[in-house]
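Only one structure is covered here, and it is reproduced in the block below.
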Amino acid sequence: MGLARELVSDFLEPLPDAANLWKFNVERSSDRREYRLFCEGGEFLMYGKVARDCRRVEIFMYDPSERNAKTLYGSCRPAFILTANQDKTDWRLLQDRCDCCRHCPAGEQRACSSCGGRGKEILRAKHSNLEVGDGINHCMDVSVPASGPMDEEHRFVSKMPVWNEKVECLVLDFKGRKIQASAKNFQLALEHDESERVVCQYGKLDNDNFGLDFRYPLTVSQAFGLALTTILWE
């Protein structure tokens, strides 16, 4: 997979539709303030920085720890911004600016015909809790606005786990992944899809590493944003 990190638009295009989920990995820093998204093969894709109040995550296309990215990473110029309400139950993912505005020289920025110089909402997620068996499951209702006149809004809901008496916890079947129990684990399916075909799944691999797998119609930025909304799930 080749994505040009200079262009935000590359992260707004859904991956090709496929029978299997596209696999990615998320690494979390020990202080839980930084998240990095990698392709399955190890190529860096995106960097997320969590604000102190945990109600804002700024997402960049360059990793500030990479030597050759020092001049490209700008702490005041995120590609995407994830924000939450006061209760941290409603999350919105915004594209900060279009590529035209992002690469406009300082002092020459002006409202463009593409985005008007303003952020564009590309995802909204609402969190809730539901009792399942003897446990409490974190749930997510997601809406993705139409990306163009030929597209339509997509809505996704949490796939419910089942209570496993043997291990005494809620479990989901993460096919192709060896997942550890975690409150942050989730799977999403299209709303009203009786087959409950998984469109996105996020699961703990070890202490600070998670598997993030998804398919069409989600984009890389949307899937990473959904994973980051779980930062407070315990």
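Convention: chains lettered A, B, ... in structure tokens order; per-chain residue numbering from 1; ligands numbered from 1 as shown.
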Where does DSSP see strand (DSSP E or B) in segment 124-165 of chain A, if you list the residues as a JSON list (two decimals) with all heavy atoms, in the first residue's frame?
```json
[["chain", "number", "residue", "atom", "x", "y", "z"],
["A", 124, "ARG", "N", -18.66, 10.98, 12.84],
["A", 124, "ARG", "CA", -19.21, 11.28, 14.16],
["A", 124, "ARG", "C", -19.49, 9.95, 14.86],
["A", 124, "ARG", "O", -20.05, 9.02, 14.26],
["A", 124, "ARG", "CB", -20.50, 12.08, 14.04],
["A", 124, "ARG", "CG", -21.08, 12.53, 15.40],
["A", 124, "ARG", "CD", -22.38, 13.28, 15.20],
["A", 124, "ARG", "NE", -22.16, 14.57, 14.58],
["A", 124, "ARG", "CZ", -22.03, 15.71, 15.25],
["A", 124, "ARG", "NH1", -22.10, 15.71, 16.57],
["A", 124, "ARG", "NH2", -21.84, 16.84, 14.62],
["A", 125, "ALA", "N", -19.08, 9.84, 16.13],
["A", 125, "ALA", "CA", -19.27, 8.62, 16.89],
["A", 125, "ALA", "C", -19.88, 8.95, 18.25],
["A", 125, "ALA", "O", -19.42, 9.85, 18.94],
["A", 125, "ALA", "CB", -17.95, 7.88, 17.07],
["A", 126, "LYS", "N", -20.91, 8.19, 18.63],
["A", 126, "LYS", "CA", -21.58, 8.38, 19.91],
["A", 126, "LYS", "C", -21.39, 7.13, 20.75],
["A", 126, "LYS", "O", -21.69, 6.02, 20.30],
["A", 126, "LYS", "CB", -23.08, 8.66, 19.71],
["A", 126, "LYS", "CG", -23.84, 8.94, 21.00],
["A", 126, "LYS", "CD", -25.29, 9.26, 20.70],
["A", 126, "LYS", "CE", -26.08, 9.52, 21.98],
["A", 126, "LYS", "NZ", -25.55, 10.69, 22.71],
["A", 127, "HIS", "N", -20.89, 7.30, 21.97],
["A", 127, "HIS", "CA", -20.62, 6.17, 22.87],
["A", 127, "HIS", "C", -21.76, 5.95, 23.86],
["A", 127, "HIS", "O", -22.42, 6.90, 24.29],
["A", 127, "HIS", "CB", -19.33, 6.41, 23.66],
["A", 127, "HIS", "CG", -18.09, 6.39, 22.83],
["A", 127, "HIS", "ND1", -16.84, 6.64, 23.35],
["A", 127, "HIS", "CD2", -17.90, 6.15, 21.51],
["A", 127, "HIS", "CE1", -15.94, 6.55, 22.39],
["A", 127, "HIS", "NE2", -16.55, 6.26, 21.26],
["A", 128, "SER", "N", -21.96, 4.70, 24.24],
["A", 128, "SER", "CA", -22.94, 4.34, 25.27],
["A", 128, "SER", "C", -22.49, 3.02, 25.90],
["A", 128, "SER", "O", -21.54, 2.39, 25.43],
["A", 128, "SER", "CB", -24.34, 4.19, 24.66],
["A", 128, "SER", "OG", -24.36, 3.19, 23.66],
["A", 129, "ASN", "N", -23.16, 2.62, 26.96],
["A", 129, "ASN", "CA", -22.85, 1.36, 27.64],
["A", 129, "ASN", "C", -24.08, 0.46, 27.67],
["A", 129, "ASN", "O", -25.21, 0.95, 27.77],
["A", 129, "ASN", "CB", -22.37, 1.60, 29.08],
["A", 129, "ASN", "CG", -21.06, 2.36, 29.13],
["A", 129, "ASN", "OD1", -20.17, 2.11, 28.32],
["A", 129, "ASN", "ND2", -20.93, 3.28, 30.07],
["A", 130, "LEU", "N", -23.87, -0.84, 27.59],
["A", 130, "LEU", "CA", -24.98, -1.80, 27.57],
["A", 130, "LEU", "C", -24.59, -3.03, 28.38],
["A", 130, "LEU", "O", -23.48, -3.55, 28.23],
["A", 130, "LEU", "CB", -25.30, -2.20, 26.13],
["A", 130, "LEU", "CG", -26.47, -3.16, 25.93],
["A", 130, "LEU", "CD1", -27.78, -2.47, 26.29],
["A", 130, "LEU", "CD2", -26.52, -3.65, 24.48],
["A", 131, "GLU", "N", -25.51, -3.50, 29.23],
["A", 131, "GLU", "CA", -25.26, -4.72, 30.00],
["A", 131, "GLU", "C", -25.40, -5.93, 29.09],
["A", 131, "GLU", "O", -26.40, -6.09, 28.39],
["A", 131, "GLU", "CB", -26.25, -4.82, 31.16],
["A", 131, "GLU", "CG", -26.02, -3.82, 32.28],
["A", 131, "GLU", "CD", -26.89, -4.09, 33.48],
["A", 131, "GLU", "OE1", -27.45, -5.20, 33.57],
["A", 131, "GLU", "OE2", -27.01, -3.20, 34.35],
["A", 132, "VAL", "N", -24.39, -6.78, 29.11],
["A", 132, "VAL", "CA", -24.41, -8.04, 28.35],
["A", 132, "VAL", "C", -23.97, -9.14, 29.30],
["A", 132, "VAL", "O", -22.82, -9.15, 29.76],
["A", 132, "VAL", "CB", -23.47, -7.98, 27.12],
["A", 132, "VAL", "CG1", -23.53, -9.32, 26.38],
["A", 132, "VAL", "CG2", -23.85, -6.83, 26.21],
["A", 135, "GLY", "N", -21.53, -8.59, 32.33],
["A", 135, "GLY", "CA", -20.57, -7.53, 32.04],
["A", 135, "GLY", "C", -21.21, -6.30, 31.44],
["A", 135, "GLY", "O", -22.39, -6.29, 31.09],
["A", 136, "ILE", "N", -20.41, -5.24, 31.32],
["A", 136, "ILE", "CA", -20.82, -3.99, 30.70],
["A", 136, "ILE", "C", -20.02, -3.81, 29.42],
["A", 136, "ILE", "O", -18.78, -3.86, 29.44],
["A", 136, "ILE", "CB", -20.59, -2.78, 31.63],
["A", 136, "ILE", "CG1", -21.38, -2.94, 32.92],
["A", 136, "ILE", "CG2", -20.96, -1.48, 30.92],
["A", 136, "ILE", "CD1", -22.89, -2.90, 32.73],
["A", 137, "ASN", "N", -20.71, -3.62, 28.31],
["A", 137, "ASN", "CA", -20.04, -3.46, 27.02],
["A", 137, "ASN", "C", -20.12, -2.01, 26.57],
["A", 137, "ASN", "O", -21.17, -1.39, 26.60],
["A", 137, "ASN", "CB", -20.70, -4.37, 25.97],
["A", 137, "ASN", "CG", -19.95, -4.33, 24.65],
["A", 137, "ASN", "OD1", -18.79, -4.73, 24.58],
["A", 137, "ASN", "ND2", -20.60, -3.84, 23.60],
["A", 138, "HIS", "N", -18.97, -1.48, 26.15],
["A", 138, "HIS", "CA", -18.95, -0.16, 25.53],
["A", 138, "HIS", "C", -19.47, -0.29, 24.10],
["A", 138, "HIS", "O", -19.04, -1.17, 23.35],
["A", 138, "HIS", "CB", -17.52, 0.40, 25.50],
["A", 138, "HIS", "CG", -16.96, 0.67, 26.86],
["A", 138, "HIS", "ND1", -17.54, 1.56, 27.74],
["A", 138, "HIS", "CD2", -15.86, 0.18, 27.49],
["A", 138, "HIS", "CE1", -16.81, 1.62, 28.84],
["A", 138, "HIS", "NE2", -15.80, 0.78, 28.72],
["A", 139, "CYS", "N", -20.39, 0.59, 23.73],
["A", 139, "CYS", "CA", -20.99, 0.56, 22.40],
["A", 139, "CYS", "C", -20.69, 1.85, 21.65],
["A", 139, "CYS", "O", -20.41, 2.89, 22.25],
["A", 139, "CYS", "CB", -22.50, 0.36, 22.49],
["A", 139, "CYS", "SG", -23.00, -1.17, 23.30],
["A", 140, "MET", "N", -20.78, 1.77, 20.33],
["A", 140, "MET", "CA", -20.48, 2.90, 19.49],
["A", 140, "MET", "C", -21.47, 2.96, 18.33],
["A", 140, "MET", "O", -21.73, 1.95, 17.66],
["A", 140, "MET", "CB", -19.05, 2.76, 18.95],
["A", 140, "MET", "CG", -18.48, 4.00, 18.28],
["A", 140, "MET", "SD", -16.83, 3.70, 17.57],
["A", 140, "MET", "CE", -15.89, 3.10, 18.98],
["A", 141, "ASP", "N", -22.08, 4.13, 18.13],
["A", 141, "ASP", "CA", -22.92, 4.38, 16.96],
["A", 141, "ASP", "C", -22.20, 5.41, 16.10],
["A", 141, "ASP", "O", -21.89, 6.51, 16.59],
["A", 141, "ASP", "CB", -24.29, 4.90, 17.38],
["A", 141, "ASP", "CG", -25.12, 3.84, 18.08],
["A", 141, "ASP", "OD1", -25.60, 2.92, 17.37],
["A", 141, "ASP", "OD2", -25.28, 3.92, 19.31],
["A", 142, "VAL", "N", -21.94, 5.05, 14.86],
["A", 142, "VAL", "CA", -21.08, 5.86, 14.00],
["A", 142, "VAL", "C", -21.84, 6.30, 12.75],
["A", 142, "VAL", "O", -22.56, 5.51, 12.14],
["A", 142, "VAL", "CB", -19.83, 5.05, 13.58],
["A", 142, "VAL", "CG1", -18.93, 5.88, 12.67],
["A", 142, "VAL", "CG2", -19.07, 4.57, 14.80],
["A", 143, "SER", "N", -21.65, 7.56, 12.39],
["A", 143, "SER", "CA", -22.20, 8.06, 11.13],
["A", 143, "SER", "C", -21.08, 8.68, 10.32],
["A", 143, "SER", "O", -20.26, 9.44, 10.85],
["A", 143, "SER", "CB", -23.31, 9.09, 11.38],
["A", 143, "SER", "OG", -22.82, 10.22, 12.07],
["A", 144, "VAL", "N", -21.04, 8.33, 9.05],
["A", 144, "VAL", "CA", -20.04, 8.86, 8.12],
["A", 144, "VAL", "C", -20.80, 9.58, 7.02],
["A", 144, "VAL", "O", -21.58, 8.96, 6.29],
["A", 144, "VAL", "CB", -19.18, 7.73, 7.52],
["A", 144, "VAL", "CG1", -18.25, 8.28, 6.46],
["A", 144, "VAL", "CG2", -18.39, 7.04, 8.62],
["A", 154, "HIS", "N", -23.24, 6.66, 5.59],
["A", 154, "HIS", "CA", -23.09, 5.30, 6.10],
["A", 154, "HIS", "C", -23.20, 5.33, 7.61],
["A", 154, "HIS", "O", -22.66, 6.22, 8.27],
["A", 154, "HIS", "CB", -21.74, 4.70, 5.71],
["A", 154, "HIS", "CG", -21.53, 4.56, 4.23],
["A", 154, "HIS", "ND1", -22.11, 3.58, 3.49],
["A", 154, "HIS", "CD2", -20.80, 5.31, 3.37],
["A", 154, "HIS", "CE1", -21.76, 3.69, 2.22],
["A", 154, "HIS", "NE2", -20.95, 4.75, 2.12],
["A", 155, "ARG", "N", -23.90, 4.34, 8.18],
["A", 155, "ARG", "CA", -24.06, 4.25, 9.63],
["A", 155, "ARG", "C", -23.60, 2.87, 10.09],
["A", 155, "ARG", "O", -23.94, 1.85, 9.47],
["A", 155, "ARG", "CB", -25.51, 4.52, 10.04],
["A", 155, "ARG", "CG", -26.02, 5.89, 9.60],
["A", 155, "ARG", "CD", -27.39, 6.17, 10.18],
["A", 155, "ARG", "NE", -27.34, 6.34, 11.62],
["A", 155, "ARG", "CZ", -27.11, 7.51, 12.21],
["A", 155, "ARG", "NH1", -26.89, 8.60, 11.50],
["A", 155, "ARG", "NH2", -27.08, 7.60, 13.53],
["A", 156, "PHE", "N", -22.84, 2.86, 11.18],
["A", 156, "PHE", "CA", -22.29, 1.62, 11.72],
["A", 156, "PHE", "C", -22.65, 1.50, 13.19],
["A", 156, "PHE", "O", -22.78, 2.51, 13.90],
["A", 156, "PHE", "CB", -20.76, 1.60, 11.57],
["A", 156, "PHE", "CG", -20.28, 1.86, 10.17],
["A", 156, "PHE", "CD1", -19.93, 3.15, 9.78],
["A", 156, "PHE", "CD2", -20.18, 0.85, 9.25],
["A", 156, "PHE", "CE1", -19.49, 3.41, 8.49],
["A", 156, "PHE", "CE2", -19.75, 1.08, 7.96],
["A", 156, "PHE", "CZ", -19.39, 2.37, 7.58],
["A", 157, "VAL", "N", -22.81, 0.27, 13.66],
["A", 157, "VAL", "CA", -23.14, 0.02, 15.07],
["A", 157, "VAL", "C", -22.23, -1.08, 15.60],
["A", 157, "VAL", "O", -21.66, -1.87, 14.84],
["A", 157, "VAL", "CB", -24.62, -0.41, 15.23],
["A", 157, "VAL", "CG1", -25.56, 0.72, 14.85],
["A", 157, "VAL", "CG2", -24.92, -1.66, 14.40],
["A", 158, "SER", "N", -22.11, -1.12, 16.92],
["A", 158, "SER", "CA", -21.26, -2.12, 17.56],
["A", 158, "SER", "C", -21.84, -3.52, 17.39],
["A", 158, "SER", "O", -23.05, -3.73, 17.51],
["A", 158, "SER", "CB", -21.11, -1.82, 19.05],
["A", 158, "SER", "OG", -20.37, -0.65, 19.26],
["A", 162, "VAL", "N", -20.49, -11.75, 23.43],
["A", 162, "VAL", "CA", -21.27, -12.70, 24.23],
["A", 162, "VAL", "C", -20.50, -12.97, 25.52],
["A", 162, "VAL", "O", -19.26, -12.88, 25.57],
["A", 162, "VAL", "CB", -21.52, -14.02, 23.47],
["A", 162, "VAL", "CG1", -22.38, -13.77, 22.26],
["A", 162, "VAL", "CG2", -20.21, -14.67, 23.06],
["A", 163, "TRP", "N", -21.24, -13.30, 26.57],
["A", 163, "TRP", "CA", -20.61, -13.60, 27.86],
["A", 163, "TRP", "C", -20.11, -15.03, 27.86],
["A", 163, "TRP", "O", -20.84, -15.97, 27.58],
["A", 163, "TRP", "CB", -21.60, -13.39, 29.00],
["A", 163, "TRP", "CG", -21.01, -13.68, 30.34],
["A", 163, "TRP", "CD1", -21.15, -14.82, 31.09],
["A", 163, "TRP", "CD2", -20.15, -12.82, 31.09],
["A", 163, "TRP", "NE1", -20.44, -14.71, 32.26],
["A", 163, "TRP", "CE2", -19.81, -13.50, 32.30],
["A", 163, "TRP", "CE3", -19.64, -11.54, 30.88],
["A", 163, "TRP", "CZ2", -18.99, -12.93, 33.25],
["A", 163, "TRP", "CZ3", -18.81, -10.98, 31.83],
["A", 163, "TRP", "CH2", -18.50, -11.67, 33.01],
["A", 164, "ASN", "N", -18.82, -15.20, 28.12],
["A", 164, "ASN", "CA", -18.19, -16.51, 28.14],
["A", 164, "ASN", "C", -18.01, -16.94, 29.59],
["A", 164, "ASN", "O", -17.23, -16.35, 30.34],
["A", 164, "ASN", "CB", -16.84, -16.46, 27.43],
["A", 164, "ASN", "CG", -16.20, -17.84, 27.26],
["A", 164, "ASN", "OD1", -16.01, -18.55, 28.24],
["A", 164, "ASN", "ND2", -15.89, -18.19, 26.03]]
```
Compare A:Cys200, A:Ala79, A:Ala189, A:Val8 by their minimum atom-to-atom distance to Leu93 of chain A, counting only C-alpha atoms, and give me the closest one.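 When distances to Leu93 of chain A are compared using only C-alpha atoms, the smallest one comes from A:Ala79.
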Nearby residues (only C-alpha atoms) at most 6 Å from segment 181-186 of chain A, same-chain spacing under 5 positions excluded, as a PyMOL selection string: chain A and resi 201-203+230+233-234
Ile179 of chain A surroundings by only C-alpha atoms, 9 Å radius, close-in-sequence under 6 positions cut, as a PDB file with C-alpha atoms, in the first residue's frame:
```
ATOM      1  CA  ASP A 173     -14.436 -13.365  17.549  1.00  0.00           C
ATOM      2  CA  ASN A 185     -11.887  -3.960  21.950  1.00  0.00           C
ATOM      3  CA  GLY A 203      -8.340  -5.240  19.557  1.00  0.00           C
ATOM      4  CA  LYS A 204      -5.521  -5.338  22.096  1.00  0.00           C
ATOM      5  CA  LEU A 205      -2.486  -7.404  21.030  1.00  0.00           C
ATOM      6  CA  ASP A 206      -0.314  -6.737  24.082  1.00  0.00           C
ATOM      7  CA  PHE A 210      -3.482  -2.930  19.102  1.00  0.00           C
ATOM      8  CA  GLY A 211      -4.699  -4.416  15.857  1.00  0.00           C
TER       9      GLY A 211
END
```
Within 8 Å of Asp96 of chain A, counting only C-alpha atoms, which residues qualify if same-chain residues fewer than 4 places away don't, as a ChimeraX atom specification? /A:78-81,118-120
Smallest atom-to-atom distance to Thr83 of chain A: which of A:Pro16, A:Gly176, A:Gly41, A:Gly225, using only C-alpha atoms? A:Gly225
Length of the atom CA of Arg36 of chain A to atom CA of Gly48 of chain A vector [Å]: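 Separation of atom CA of Arg36 of chain A and atom CA of Gly48 of chain A: 6.3 Å.
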Which is closest to Gln187 of chain A among A:Leu21, A:Thr89, A:Asp53, A:Asp31, if we use only C-alpha atoms? A:Leu21
Identify which of the residues A:Asn209, A:Lys159, A:Thr219, A:Glu153 lies closest to Ser195 of chain A, counting only C-alpha atoms when measuring atom-to-atom distances.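 For Ser195 of chain A, the nearest of the given residues is A:Lys159.
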Quote the spacing between atom CA of Pro149 of chain A and atom CA of Asp10 of chain A in Å to one decimal place.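 Computing it gives 19.0 Å between the two atoms.
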Could you tell me, as a VMD selection string, which residues of segment 43-223 of chain A DSSP assigns to alpha helix (DSSP H) when given the backbone? chain A and resid 99 to 102 220 to 223
Just to be explicit: take each residue in the selection above, keep all heavy atoms, and write the result as a short mmCIF file (atom, residue, chain, number, x, y, z; two decimals), in the first residue's frame.
```
data_model
loop_
_atom_site.label_atom_id
_atom_site.label_comp_id
_atom_site.auth_asym_id
_atom_site.auth_seq_id
_atom_site.Cartn_x
_atom_site.Cartn_y
_atom_site.Cartn_z
N ASP A 99 -6.02 20.02 0.96
CA ASP A 99 -4.61 20.06 0.55
C ASP A 99 -4.23 21.42 -0.01
O ASP A 99 -3.11 21.90 0.19
CB ASP A 99 -4.34 18.97 -0.48
CG ASP A 99 -4.30 17.58 0.14
OD1 ASP A 99 -3.72 17.45 1.23
OD2 ASP A 99 -4.86 16.65 -0.45
N CYS A 100 -5.17 22.06 -0.70
CA CYS A 100 -4.90 23.39 -1.28
C CYS A 100 -4.56 24.38 -0.17
O CYS A 100 -3.58 25.13 -0.25
CB CYS A 100 -6.10 23.86 -2.09
SG CYS A 100 -5.90 25.51 -2.80
N CYS A 101 -5.36 24.40 0.89
CA CYS A 101 -5.14 25.33 2.00
C CYS A 101 -3.90 24.96 2.81
O CYS A 101 -3.17 25.84 3.27
CB CYS A 101 -6.36 25.37 2.91
SG CYS A 101 -7.82 26.13 2.17
N ARG A 102 -3.67 23.66 3.01
CA ARG A 102 -2.53 23.22 3.81
C ARG A 102 -1.21 23.64 3.19
O ARG A 102 -0.25 23.95 3.90
CB ARG A 102 -2.55 21.70 3.96
CG ARG A 102 -3.53 21.18 4.99
CD ARG A 102 -3.54 19.67 5.03
NE ARG A 102 -2.22 19.12 5.20
CZ ARG A 102 -1.59 19.02 6.38
NH1 ARG A 102 -2.18 19.46 7.48
NH2 ARG A 102 -0.37 18.50 6.46
N VAL A 220 -8.64 5.30 5.91
CA VAL A 220 -7.60 5.16 6.93
C VAL A 220 -7.82 6.17 8.06
O VAL A 220 -7.75 5.82 9.24
CB VAL A 220 -6.20 5.37 6.30
CG1 VAL A 220 -5.13 5.42 7.38
CG2 VAL A 220 -5.90 4.25 5.31
N SER A 221 -8.11 7.41 7.71
CA SER A 221 -8.29 8.45 8.74
C SER A 221 -9.51 8.16 9.60
O SER A 221 -9.48 8.37 10.83
CB SER A 221 -8.42 9.83 8.09
OG SER A 221 -9.49 9.86 7.16
N GLN A 222 -10.59 7.66 9.02
CA GLN A 222 -11.80 7.36 9.79
C GLN A 222 -11.57 6.19 10.73
O GLN A 222 -11.98 6.23 11.90
CB GLN A 222 -12.96 7.06 8.84
CG GLN A 222 -13.46 8.30 8.10
CD GLN A 222 -14.36 7.97 6.93
OE1 GLN A 222 -14.42 6.82 6.48
NE2 GLN A 222 -15.08 8.95 6.44
N ALA A 223 -10.92 5.14 10.26
CA ALA A 223 -10.67 3.97 11.11
C ALA A 223 -9.74 4.34 12.27
O ALA A 223 -9.98 3.94 13.42
CB ALA A 223 -10.06 2.83 10.28
#
```
Out of A:Arg77, A:Glu194, A:Gln180, A:Leu12, which residue has the shortest atom-to-atom distance to Ile122 of chain A when counting only C-alpha atoms? A:Leu12
Skipping near chain neighbours, those fewer than 3 positions away, what residues fall within 9 Å of Leu232 of chain A using only C-alpha atoms, listed as number ranges by chain? A: 54, 88, 184, 229
Export of prior selection with C-alpha atoms as a short mmCIF file (atom, residue, chain, number, x, y, z; two decimals), in the first residue's frame:
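In the end it all went to part16.cif:
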```cif
data_model
loop_
_atom_site.label_atom_id
_atom_site.label_comp_id
_atom_site.auth_asym_id
_atom_site.auth_seq_id
_atom_site.Cartn_x
_atom_site.Cartn_y
_atom_site.Cartn_z
CA CYS A 54 -8.50 13.94 26.66
CA LYS A 88 -16.57 12.53 26.24
CA LYS A 184 -11.17 -1.02 24.27
CA THR A 229 -12.25 7.55 20.50
#
```
Do a neighbour search on Pro161 of chain A at 6 Å with only C-alpha atoms, toss out local chain neighbours closer than 2 positions, and write the hits as a PyMOL selection string. chain A and resi 170-172
Counting only C-alpha atoms, which residue out of A:Arg56, A:Arg28, A:Lys23, A:Arg215 sits closest to Glu40 of chain A?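 Of the candidates, the smallest distance to Glu40 of chain A is held by A:Lys23.
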